[in-house]
$ cat upload.txt   # compact mmCIF, C-alpha atoms
# COMPACT_ATOMS: atom_id res chain seq x y z
CA MET A 1 15.39 -0.95 -12.47
CA GLU A 2 13.04 -3.29 -14.31
CA SER A 3 12.30 -6.93 -13.62
CA GLY A 4 13.24 -9.64 -16.10
CA THR A 5 12.27 -13.27 -16.38
CA GLU A 6 15.49 -14.52 -14.82
CA SER A 7 15.26 -12.31 -11.75
CA GLY A 8 11.50 -12.45 -11.34
CA MET A 9 9.86 -13.98 -8.30
CA GLU A 10 8.89 -17.64 -8.45
CA PHE A 11 5.18 -17.77 -9.25
CA GLY A 12 3.15 -18.14 -6.06
CA MET A 13 6.02 -17.12 -3.77
CA GLU A 14 4.94 -15.09 -0.77
CA LEU A 15 7.21 -12.20 0.06
CA THR A 16 8.32 -12.07 3.70
CA VAL A 17 10.79 -10.20 5.87
CA ALA A 18 12.89 -13.38 5.95
CA ASN A 19 13.21 -13.83 2.17
CA ALA A 20 13.00 -10.23 0.88
CA GLY A 21 16.74 -9.53 1.22
CA ALA A 22 17.82 -12.62 -0.72
CA TRP A 23 15.20 -11.96 -3.39
CA LEU A 24 16.45 -8.38 -3.90
CA ASN A 25 20.05 -9.58 -4.06
CA ARG A 26 19.10 -11.99 -6.85
CA ARG A 27 17.64 -9.03 -8.72
CA GLY A 28 20.96 -7.22 -8.45
CA ILE A 29 19.74 -4.85 -5.75
CA PRO A 30 22.19 -5.11 -2.81
CA VAL A 31 20.68 -4.64 0.64
CA THR A 32 23.75 -5.10 2.82
CA GLY A 33 23.24 -3.32 6.12
CA ALA A 34 19.57 -2.65 5.45
CA ALA A 35 16.87 -3.08 8.06
CA ILE A 36 13.96 -5.08 6.61
CA THR A 37 10.64 -4.74 8.39
CA GLU A 38 7.00 -5.36 7.59
CA LEU A 39 4.72 -2.35 7.39
CA GLY A 40 0.98 -2.36 7.89
CA GLY A 41 -0.36 -3.41 4.48
CA GLY A 42 -3.98 -3.20 5.56
CA VAL A 43 -6.11 -6.20 4.67
CA SER A 44 -5.19 -6.42 1.00
CA ASN A 45 -1.38 -6.37 0.68
CA ARG A 46 1.92 -7.42 2.17
CA VAL A 47 4.18 -4.35 2.46
CA ILE A 48 7.86 -4.51 3.40
CA LEU A 49 10.25 -1.63 4.08
CA VAL A 50 13.93 -1.97 3.17
CA ALA A 51 15.80 0.85 4.91
CA GLY A 52 19.53 0.92 4.19
CA PRO A 53 22.36 3.44 4.10
CA GLU A 54 21.92 4.01 0.36
CA ARG A 55 18.18 3.73 -0.17
CA ARG A 56 14.75 3.40 1.35
CA MET A 57 12.55 1.08 -0.66
CA VAL A 58 9.08 -0.34 -0.18
CA LEU A 59 8.05 -3.71 -1.62
CA LYS A 60 4.33 -4.24 -2.09
CA GLN A 61 2.74 -7.58 -2.94
CA SER A 62 -1.01 -7.78 -3.55
CA LEU A 63 -3.08 -10.54 -1.96
CA GLY A 64 -5.84 -12.37 -3.78
CA LYS A 65 -7.80 -13.17 -0.61
CA LEU A 66 -8.01 -10.29 1.82
CA ARG A 67 -7.35 -10.69 5.53
CA VAL A 68 -10.86 -10.10 6.85
CA GLU A 69 -13.47 -12.25 8.59
CA LYS A 70 -15.83 -12.32 5.59
CA GLU A 71 -14.63 -13.78 2.28
CA TRP A 72 -13.29 -10.94 0.13
CA LEU A 73 -11.44 -11.62 -3.12
CA SER A 74 -9.78 -9.25 -5.58
CA ASP A 75 -7.72 -9.27 -8.78
CA ARG A 76 -4.01 -9.31 -7.85
CA ASP A 77 -3.06 -7.37 -11.01
CA ARG A 78 -4.28 -4.23 -9.22
CA VAL A 79 -0.74 -3.68 -7.93
CA PHE A 80 0.42 -2.95 -11.49
CA ARG A 81 -2.38 -0.42 -11.99
CA GLU A 82 -1.07 1.21 -8.82
CA ALA A 83 2.39 1.45 -10.38
CA ALA A 84 0.89 2.88 -13.59
CA ALA A 85 -1.04 5.47 -11.56
CA MET A 86 2.04 6.66 -9.69
CA ARG A 87 3.92 7.01 -12.96
CA TRP A 88 1.05 8.90 -14.61
CA LEU A 89 0.65 11.29 -11.67
CA ASP A 90 4.35 12.02 -11.22
CA GLY A 91 4.77 15.75 -11.79
CA ARG A 92 1.06 16.32 -12.34
CA VAL A 93 -0.07 16.92 -8.74
CA ARG A 94 0.43 19.83 -6.36
CA GLY A 95 0.53 20.00 -2.58
CA GLY A 96 2.59 16.81 -2.26
CA ARG A 97 3.78 13.85 -4.28
CA THR A 98 3.51 10.14 -5.02
CA PRO A 99 6.32 7.57 -4.60
CA ARG A 100 8.56 6.86 -7.60
CA VAL A 101 8.17 3.34 -9.02
CA LEU A 102 11.46 1.38 -9.16
CA PHE A 103 10.44 -1.97 -10.68
CA GLU A 104 7.63 -4.47 -11.17
CA ASP A 105 7.65 -8.25 -10.80
CA ARG A 106 4.80 -9.72 -12.85
CA ASN A 107 5.22 -13.28 -11.55
CA GLY A 108 5.05 -12.24 -7.92
CA PHE A 109 2.42 -9.49 -8.18
CA THR A 110 4.98 -7.22 -6.54
CA ILE A 111 6.26 -3.72 -7.13
CA GLY A 112 9.21 -1.86 -5.65
CA MET A 113 8.85 1.82 -4.98
CA GLU A 114 10.70 4.67 -3.38
CA GLY A 115 10.27 4.75 0.39
CA ALA A 116 9.21 7.95 2.10
CA PRO A 117 11.75 9.70 4.36
CA ALA A 118 12.17 8.30 7.87
CA ASP A 119 10.51 11.33 9.46
CA VAL A 120 7.11 10.89 7.76
CA GLN A 121 4.10 9.66 9.70
CA MET A 122 0.58 8.75 8.74
CA TRP A 123 -1.79 11.69 9.02
CA LYS A 124 -4.07 9.26 10.88
CA SER A 125 -1.44 8.79 13.61
CA ARG A 126 -0.97 12.53 13.95
CA LEU A 127 -4.71 13.08 14.20
CA PHE A 128 -5.07 10.56 17.01
CA ARG A 129 -2.17 12.20 18.84
CA GLY A 130 -4.15 15.43 18.75
CA GLU A 131 -2.00 17.13 16.08
CA LEU A 132 -4.86 18.76 14.19
CA ASP A 133 -2.78 20.91 11.85
CA PRO A 134 -4.84 22.77 9.20
CA ALA A 135 -1.82 22.63 6.86
CA HIS A 136 -2.22 18.86 6.62
CA ALA A 137 -5.87 19.20 5.66
CA ARG A 138 -5.01 21.81 3.03
CA ALA A 139 -2.27 19.58 1.58
CA ALA A 140 -4.72 16.65 1.38
CA GLY A 141 -7.20 18.87 -0.45
CA THR A 142 -4.64 20.35 -2.82
CA LEU A 143 -3.26 16.93 -3.72
CA LEU A 144 -6.70 15.52 -4.40
CA GLY A 145 -7.99 18.59 -6.23
CA SER A 146 -4.94 18.80 -8.46
CA MET A 147 -5.24 15.11 -9.34
CA ILE A 148 -8.87 15.63 -10.32
CA ALA A 149 -8.01 18.73 -12.35
CA ALA A 150 -5.07 17.06 -14.12
CA SER A 151 -7.22 14.12 -15.23
CA TRP A 152 -10.51 15.98 -15.84
CA ALA A 153 -12.06 14.58 -19.04
CA ASN A 154 -8.57 13.33 -19.96
CA THR A 155 -8.82 10.64 -22.63
CA ASP A 156 -5.41 9.20 -21.79
CA ALA A 157 -6.35 8.76 -18.12
CA GLU A 158 -9.66 7.21 -19.12
CA ARG A 159 -7.94 4.79 -21.49
CA LEU A 160 -5.46 3.66 -18.87
CA PHE A 161 -7.74 3.56 -15.84
CA GLY A 162 -11.26 3.21 -17.21
CA ASP A 163 -11.69 -0.36 -15.94
CA GLN A 164 -13.52 -0.18 -12.58
CA LYS A 165 -13.40 -3.91 -11.73
CA VAL A 166 -11.03 -3.61 -8.77
CA PHE A 167 -12.87 -0.56 -7.44
CA ASP A 168 -16.05 -2.65 -7.52
CA GLN A 169 -14.30 -5.58 -5.80
CA LEU A 170 -12.66 -3.52 -3.05
CA ARG A 171 -15.09 -0.67 -2.53
CA ILE A 172 -18.53 -0.79 -4.15
CA ASP A 173 -19.31 -4.40 -3.26
CA PRO A 174 -17.87 -4.63 0.29
CA TYR A 175 -18.73 -1.06 1.27
CA TYR A 176 -22.01 -0.37 -0.48
CA ARG A 177 -23.77 -3.57 -1.61
CA PHE A 178 -22.78 -5.60 1.44
CA THR A 179 -23.84 -2.80 3.79
CA ALA A 180 -27.17 -2.45 1.98
CA ARG A 181 -27.82 -6.13 2.64
CA GLN A 182 -26.89 -5.73 6.29
CA ARG A 183 -29.05 -2.60 6.69
CA PRO A 184 -32.15 -2.92 4.48
CA GLU A 185 -33.36 0.49 5.68
CA ALA A 186 -30.39 2.01 3.83
CA ALA A 187 -30.69 -0.11 0.68
CA GLU A 188 -32.75 2.36 -1.36
CA TYR A 189 -30.40 5.28 -0.64
CA ILE A 190 -27.30 3.20 -1.38
CA GLY A 191 -28.79 1.76 -4.55
CA ARG A 192 -29.58 5.23 -5.93
CA LEU A 193 -26.13 6.45 -4.93
CA VAL A 194 -24.33 3.58 -6.68
CA ALA A 195 -26.30 4.15 -9.89
CA ARG A 196 -25.77 7.92 -9.85
CA SER A 197 -22.06 7.62 -9.08
CA ALA A 198 -21.53 4.99 -11.82
CA SER A 199 -22.82 7.47 -14.40
CA ARG A 200 -20.10 9.98 -13.53
CA ARG A 201 -16.95 9.14 -15.47
CA ILE A 202 -15.13 12.42 -15.06
CA SER A 203 -11.61 12.06 -13.68
CA LEU A 204 -9.21 9.86 -11.76
CA VAL A 205 -10.42 8.58 -8.40
CA HIS A 206 -8.00 7.30 -5.75
CA GLY A 207 -10.67 5.22 -4.01
CA ASP A 208 -9.06 5.24 -0.54
CA TRP A 209 -8.36 8.90 0.19
CA SER A 210 -7.86 8.26 3.87
CA PRO A 211 -5.57 9.77 6.54
CA LYS A 212 -3.77 6.40 6.71
CA ASN A 213 -2.68 6.83 3.08
CA LEU A 214 -1.48 10.42 3.48
CA LEU A 215 1.99 10.68 4.99
CA CYS A 216 3.12 13.92 6.61
CA GLY A 217 6.75 15.00 6.89
CA ARG A 218 9.11 17.95 6.64
CA GLU A 219 9.24 17.62 2.85
CA GLY A 220 5.46 17.66 2.47
CA MET A 221 2.70 15.10 2.06
CA TRP A 222 3.01 11.77 0.25
CA ALA A 223 -0.06 10.04 -1.16
CA ILE A 224 0.22 6.24 -1.23
CA ASP A 225 -1.88 3.11 -1.82
CA TRP A 226 -3.24 3.60 -5.35
CA GLU A 227 -4.53 0.05 -5.86
CA VAL A 228 -8.18 1.02 -6.52
CA ILE A 229 -7.33 3.90 -8.88
CA HIS A 230 -9.87 4.29 -11.68
CA PHE A 231 -11.52 6.85 -13.94
CA GLY A 232 -14.90 7.66 -12.46
CA ASP A 233 -16.69 9.83 -9.88
CA PRO A 234 -14.21 12.09 -8.02
CA SER A 235 -16.79 13.06 -5.40
CA TYR A 236 -16.25 9.58 -3.93
CA ASP A 237 -12.79 10.61 -2.71
CA VAL A 238 -14.16 13.81 -1.18
CA GLY A 239 -16.80 11.88 0.73
CA PHE A 240 -14.22 9.29 1.78
CA LEU A 241 -11.99 11.83 3.52
CA LEU A 242 -14.89 13.74 5.07
CA ASN A 243 -16.19 10.47 6.49
CA HIS A 244 -12.84 9.67 8.11
CA LEU A 245 -12.71 13.06 9.80
CA ARG A 246 -16.29 12.72 11.03
CA LEU A 247 -15.67 9.22 12.40
CA LYS A 248 -12.67 10.51 14.30
CA ALA A 249 -14.95 13.08 15.92
CA PHE A 250 -16.84 10.15 17.49
CA ALA A 251 -13.55 8.84 18.90
CA MET A 252 -12.33 12.34 19.92
CA PRO A 253 -15.55 14.22 20.83
CA GLU A 254 -13.65 16.95 22.65
CA ARG A 255 -11.92 17.86 19.36
CA ARG A 256 -15.02 17.80 17.18
CA ALA A 257 -14.97 21.51 16.36
CA GLU A 258 -11.31 21.34 15.33
CA LEU A 259 -11.94 18.28 13.16
CA ALA A 260 -14.80 20.17 11.51
CA GLY A 261 -12.33 22.96 10.84
CA LEU A 262 -10.00 20.50 9.14
CA ALA A 263 -12.89 19.26 6.98
CA ASN A 264 -13.61 22.83 5.85
CA GLU A 265 -9.92 23.45 5.10
CA PHE A 266 -9.81 20.24 3.05
CA LEU A 267 -12.93 21.12 1.06
CA ALA A 268 -11.74 24.65 0.33
CA ALA A 269 -8.38 23.35 -0.90
CA VAL A 270 -10.10 20.83 -3.19
CA GLN A 271 -12.47 23.43 -4.65
CA VAL A 272 -9.79 25.95 -5.54
CA GLN A 273 -8.10 23.31 -7.74
CA LEU A 274 -11.25 22.21 -9.58
CA PRO A 275 -12.18 23.41 -13.07
CA VAL A 276 -15.11 25.81 -13.37
CA ASP A 277 -17.47 23.04 -14.47
CA GLY A 278 -16.32 20.79 -11.64
CA GLN A 279 -17.39 22.73 -8.57
CA TRP A 280 -20.12 20.15 -7.96
CA VAL A 281 -17.49 17.59 -6.95
CA ALA A 282 -16.94 18.98 -3.46
CA THR A 283 -20.61 19.22 -2.54
CA SER A 284 -21.45 15.84 -4.10
CA GLY A 285 -19.03 14.27 -1.65
CA PHE A 286 -21.75 14.73 0.96
CA GLU A 287 -23.90 12.22 -0.97
CA HIS A 288 -21.30 9.49 -0.39
CA LEU A 289 -20.56 10.39 3.22
CA PRO A 290 -23.50 8.65 5.00
CA ALA A 291 -23.15 5.47 2.93
CA LEU A 292 -19.42 5.35 3.67
CA MET A 293 -20.06 6.04 7.35
CA LEU A 294 -22.52 3.16 7.57
CA ALA A 295 -20.05 0.95 5.69
CA ARG A 296 -17.36 1.56 8.31
CA VAL A 297 -19.83 0.37 10.95
CA ASP A 298 -21.71 -2.47 9.23
CA GLY A 299 -19.63 -3.23 6.11
CA LYS A 300 -16.82 -5.73 5.58
CA SER A 301 -14.15 -3.34 6.88
CA PRO A 302 -15.40 -1.67 10.08
CA ALA A 303 -13.31 1.12 11.61
CA GLU A 304 -11.19 -0.59 14.25
CA TYR A 305 -11.08 2.36 16.65
CA LEU A 306 -14.83 2.72 17.19
CA THR A 307 -16.37 1.25 20.34
CA GLU A 308 -19.86 -0.26 20.23
CA GLU A 309 -21.26 3.00 21.60
CA MET A 310 -19.46 5.00 18.93
CA ARG A 311 -20.62 2.57 16.25
CA ALA A 312 -24.21 3.02 17.35
CA ALA A 313 -23.87 6.80 17.22
CA ALA A 314 -22.25 6.68 13.77
CA ARG A 315 -24.96 4.34 12.49
CA ALA A 316 -27.69 6.66 13.76
CA LEU A 317 -26.05 9.71 12.16
CA ALA A 318 -25.53 7.91 8.84
CA LEU A 319 -29.19 6.86 8.66
CA ALA A 320 -30.30 10.36 9.65
CA LEU A 321 -28.16 11.88 6.88
CA MET A 322 -29.73 9.51 4.38
CA GLU A 323 -33.18 10.57 5.52
CA ARG A 324 -32.32 14.28 5.63
CA PRO A 325 -29.17 14.95 3.57
CA ALA A 326 -26.63 17.59 4.52
CA ASN A 327 -24.39 19.60 2.23
CA THR A 328 -22.18 21.49 4.67
CA VAL A 329 -19.55 20.47 7.19
CA GLU A 330 -21.41 22.32 9.92
CA GLU A 331 -24.53 20.19 9.41
CA VAL A 332 -22.58 16.94 9.41
CA PHE A 333 -20.49 17.72 12.48
CA GLY A 334 -23.21 19.60 14.32
CA ARG A 335 -25.85 16.88 14.46

$ encode --input "upload.txt" --output "structure tokens"
Amino acid sequence: MESGTESGMEFGMELTVANAGAWLNRRGIPVTGAAITELGGGVSNRVILVAGPERRMVLKQSLGKLRVEKEWLSDRDRVFREAAAMRWLDGRVRGGRTPRVLFEDRNGFTIGMEGAPADVQMWKSRLFRGELDPAHARAAGTLLGSMIAASWANTDAERLFGDQKVFDQLRIDPYYRFTARQRPEAAEYIGRLVARSASRRISLVHGDWSPKNLLCGREGMWAIDWEVIHFGDPSYDVGFLLNHLRLKAFAMPERRAELAGLANEFLAAVQVQLPVDGQWVATSGFEHLPALMLARVDGKSPAEYLTEEMRAAARALALALMERPANTVEEVFGR
């Protein structure tokens, strides 16, 4: 199904639960009997699930102004790069899959994609319920490692995804530069990290490799939310996931050893997929980890589940890791 000018969304129209059914009907996509609900689109998108007897479909519309306290703007065309990424990766990754793209609406900055089965849940939700299954960590590592390997020094991937503007708008500026201004004591470390990472244009980078974007179900893991996809430094994704696991250890201190075990399972699964000359990717993720940790405390998008006490502990650990870097899970989780 592809959008045309006659069935496209009116420019500027905001997609809602109330108007999504009529809009799909005008496109020739019947939704009789379907339940239409809004999913959590984070701060940057509106995401609507259409669950009917014949199909499960997700509609995603990008926002130009993100729903955060501080002003945060981004290019709305990123949703079409997301669609391009899912198409490019289809059949190229192992350990799981990406959704299949159904259509794009250029006027409305909206895409339609295959919805995951009803039984899937965010890995984040499972973690907070105490379901610390090593198989999930291995799947996350295999998916990421196979994506890196498939796009390693790939000229086609670089041509399609070489522009890093949206990654800068949604990650480097609000996570790194903003945090450096908030915490001048971290500015030198973050500045060096940004420069070093920018020089690595090696493979595809998801840019938000988080447990909230990894869906677990009977049929395996789904990787979603590809809006900051770009060709760049793959160690960023490694650090991103490690940071999420470490932050959850602040919220679940009694499960810290098990979360460290998941981090090791994830790293091992990434490494086994990497090319021989790419083994540095896993260890270089530790360079990003303290900057990302500080960003989730003092950046534009703080982790919502951390109390003030947890935030203070995470801040102290992040600054300590900048002062005395670690390169193993045991060091990061043991301090």

$ closest_residue --input "upload.txt" --among "A:Gly162, A:Gly220, A:Gly141, A:Pro290" --to "Ala116 of chain A" --atoms "only C-alpha atoms"
A:Gly220

$ residues_near_point --input "upload.txt" --point "(21.1, -1.3, 5.9)" --cutoff "8 Å" --atoms "all atoms listed in the file" --output "short mmCIF file (atom, residue, chain, number, x, y, z; two decimals) with C-alpha atoms, in the coordinates of the input"
data_model
loop_
_atom_site.label_atom_id
_atom_site.label_comp_id
_atom_site.auth_asym_id
_atom_site.auth_seq_id
_atom_site.Cartn_x
_atom_site.Cartn_y
_atom_site.Cartn_z
CA VAL A 31 20.68 -4.64 0.64
CA THR A 32 23.75 -5.10 2.82
CA GLY A 33 23.24 -3.32 6.12
CA ALA A 34 19.57 -2.65 5.45
CA ALA A 35 16.87 -3.08 8.06
CA VAL A 50 13.93 -1.97 3.17
CA ALA A 51 15.80 0.85 4.91
CA GLY A 52 19.53 0.92 4.19
CA PRO A 53 22.36 3.44 4.10
CA GLU A 54 21.92 4.01 0.36
#

$ closest_atom_pairs --input "upload.txt" --of "segment 102-127 of chain A" --to "segment 193-217 of chain A" --cutoff "7 Å" --atoms "all atoms listed in the file" --output "tab-separated table"
residue	atom	partner	partner_atom	distance
A:Asp119	CA	A:Gly217	CA	5.8
A:Val120	CA	A:Gly217	CA	4.2
A:Gln121	CA	A:Leu215	CA	5.3
A:Met122	CA	A:Leu215	CA	4.4
A:Trp123	CA	A:Pro211	CA	4.9
A:Lys124	CA	A:Pro211	CA	4.6

$ closest_residue --input "upload.txt" --among "A:Val272, A:Gly28, A:Arg159, A:Arg171" --to "Arg94 of chain A" --atoms "only C-alpha atoms"
A:Val272

$ closest_residue --input "upload.txt" --among "A:Ala85, A:Ala295, A:Gln279, A:Pro253" --to "Arg177 of chain A" --atoms "only C-alpha atoms"
A:Ala295

$ residues_around --input "upload.txt" --residues "Ile111 of chain A" --least-positions-apart "5" --cutoff "7 Å" --atoms "all atoms listed in the file" --output "JSON, numbers by chain"
{"A": [59, 60, 61, 103, 104, 105]}

$ closest_residue --input "upload.txt" --among "A:Gly64, A:Ala118, A:Gly232, A:Arg126" --to "Asn154 of chain A" --atoms "only C-alpha atoms"
A:Gly232

$ atom_distance --input "upload.txt" --atom1 "atom CA of Thr37 of chain A" --atom2 "atom CA of Leu49 of chain A"
5.3 Å

$ atom_distance --input "upload.txt" --atom1 "atom CA of Val281 of chain A" --atom2 "atom CA of Ser125 of chain A"
27.5 Å

$ closest_residue --input "upload.txt" --among "A:Asp298, A:Glu309, A:Glu330, A:Glu114" --to "Leu102 of chain A" --atoms "only C-alpha atoms"
A:Glu114

$ decode --input "upload.txt" --residues "segment 104-156 of chain A" --atoms "C-alpha atoms" --output "PDB file, in the first residue's frame"
ATOM      1  CA  GLU A 104       4.043   6.576   3.827  1.00  0.00           C
ATOM      2  CA  ASP A 105       2.104   9.838   3.827  1.00  0.00           C
ATOM      3  CA  ARG A 106       4.448  12.686   2.890  1.00  0.00           C
ATOM      4  CA  ASN A 107       1.949  15.471   3.615  1.00  0.00           C
ATOM      5  CA  GLY A 108       1.209  14.244   7.116  1.00  0.00           C
ATOM      6  CA  PHE A 109       4.703  13.095   8.117  1.00  0.00           C
ATOM      7  CA  THR A 110       3.131   9.724   8.863  1.00  0.00           C
ATOM      8  CA  ILE A 111       3.981   6.117   8.135  1.00  0.00           C
ATOM      9  CA  GLY A 112       1.952   2.952   8.542  1.00  0.00           C
ATOM     10  CA  MET A 113       3.726  -0.185   9.619  1.00  0.00           C
ATOM     11  CA  GLU A 114       3.005  -3.726  10.646  1.00  0.00           C
ATOM     12  CA  GLY A 115       1.975  -4.006  14.287  1.00  0.00           C
ATOM     13  CA  ALA A 116       3.693  -6.494  16.548  1.00  0.00           C
ATOM     14  CA  PRO A 117       1.649  -9.465  17.822  1.00  0.00           C
ATOM     15  CA  ALA A 118      -0.657  -8.817  20.771  1.00  0.00           C
ATOM     16  CA  ASP A 119       1.509 -10.868  23.134  1.00  0.00           C
ATOM     17  CA  VAL A 120       4.646  -8.703  22.815  1.00  0.00           C
ATOM     18  CA  GLN A 121       5.745  -6.432  25.637  1.00  0.00           C
ATOM     19  CA  MET A 122       8.484  -3.879  26.008  1.00  0.00           C
ATOM     20  CA  TRP A 123      11.656  -5.372  27.426  1.00  0.00           C
ATOM     21  CA  LYS A 124      11.634  -2.376  29.788  1.00  0.00           C
ATOM     22  CA  SER A 125       8.289  -3.498  31.264  1.00  0.00           C
ATOM     23  CA  ARG A 126       9.556  -7.035  31.723  1.00  0.00           C
ATOM     24  CA  LEU A 127      12.710  -5.795  33.427  1.00  0.00           C
ATOM     25  CA  PHE A 128      10.752  -3.721  35.929  1.00  0.00           C
ATOM     26  CA  ARG A 129       8.536  -6.718  36.655  1.00  0.00           C
ATOM     27  CA  GLY A 130      11.678  -8.608  37.607  1.00  0.00           C
ATOM     28  CA  GLU A 131      11.758 -10.820  34.488  1.00  0.00           C
ATOM     29  CA  LEU A 132      15.519 -10.706  33.970  1.00  0.00           C
ATOM     30  CA  ASP A 133      15.743 -13.306  31.215  1.00  0.00           C
ATOM     31  CA  PRO A 134      19.261 -13.688  29.716  1.00  0.00           C
ATOM     32  CA  ALA A 135      17.660 -14.718  26.411  1.00  0.00           C
ATOM     33  CA  HIS A 136      16.287 -11.201  26.002  1.00  0.00           C
ATOM     34  CA  ALA A 137      19.721  -9.681  26.532  1.00  0.00           C
ATOM     35  CA  ARG A 138      21.246 -12.091  24.016  1.00  0.00           C
ATOM     36  CA  ALA A 139      18.548 -11.261  21.444  1.00  0.00           C
ATOM     37  CA  ALA A 140      19.192  -7.526  21.929  1.00  0.00           C
ATOM     38  CA  GLY A 141      22.907  -8.112  21.382  1.00  0.00           C
ATOM     39  CA  THR A 142      22.447 -10.353  18.361  1.00  0.00           C
ATOM     40  CA  LEU A 143      20.066  -7.899  16.709  1.00  0.00           C
ATOM     41  CA  LEU A 144      22.399  -4.971  17.258  1.00  0.00           C
ATOM     42  CA  GLY A 145      25.565  -6.865  16.337  1.00  0.00           C
ATOM     43  CA  SER A 146      24.059  -8.234  13.139  1.00  0.00           C
ATOM     44  CA  MET A 147      22.883  -4.761  12.115  1.00  0.00           C
ATOM     45  CA  ILE A 148      26.396  -3.413  12.641  1.00  0.00           C
ATOM     46  CA  ALA A 149      27.934  -6.314  10.718  1.00  0.00           C
ATOM     47  CA  ALA A 150      25.459  -6.028   7.819  1.00  0.00           C
ATOM     48  CA  SER A 151      26.197  -2.322   7.356  1.00  0.00           C
ATOM     49  CA  TRP A 152      29.930  -2.347   8.205  1.00  0.00           C
ATOM     50  CA  ALA A 153      31.701  -0.046   5.719  1.00  0.00           C
ATOM     51  CA  ASN A 154      28.672  -0.486   3.443  1.00  0.00           C
ATOM     52  CA  THR A 155      28.598   2.277   0.835  1.00  0.00           C
ATOM     53  CA  ASP A 156      24.873   1.855   0.191  1.00  0.00           C
TER      54      ASP A 156
END
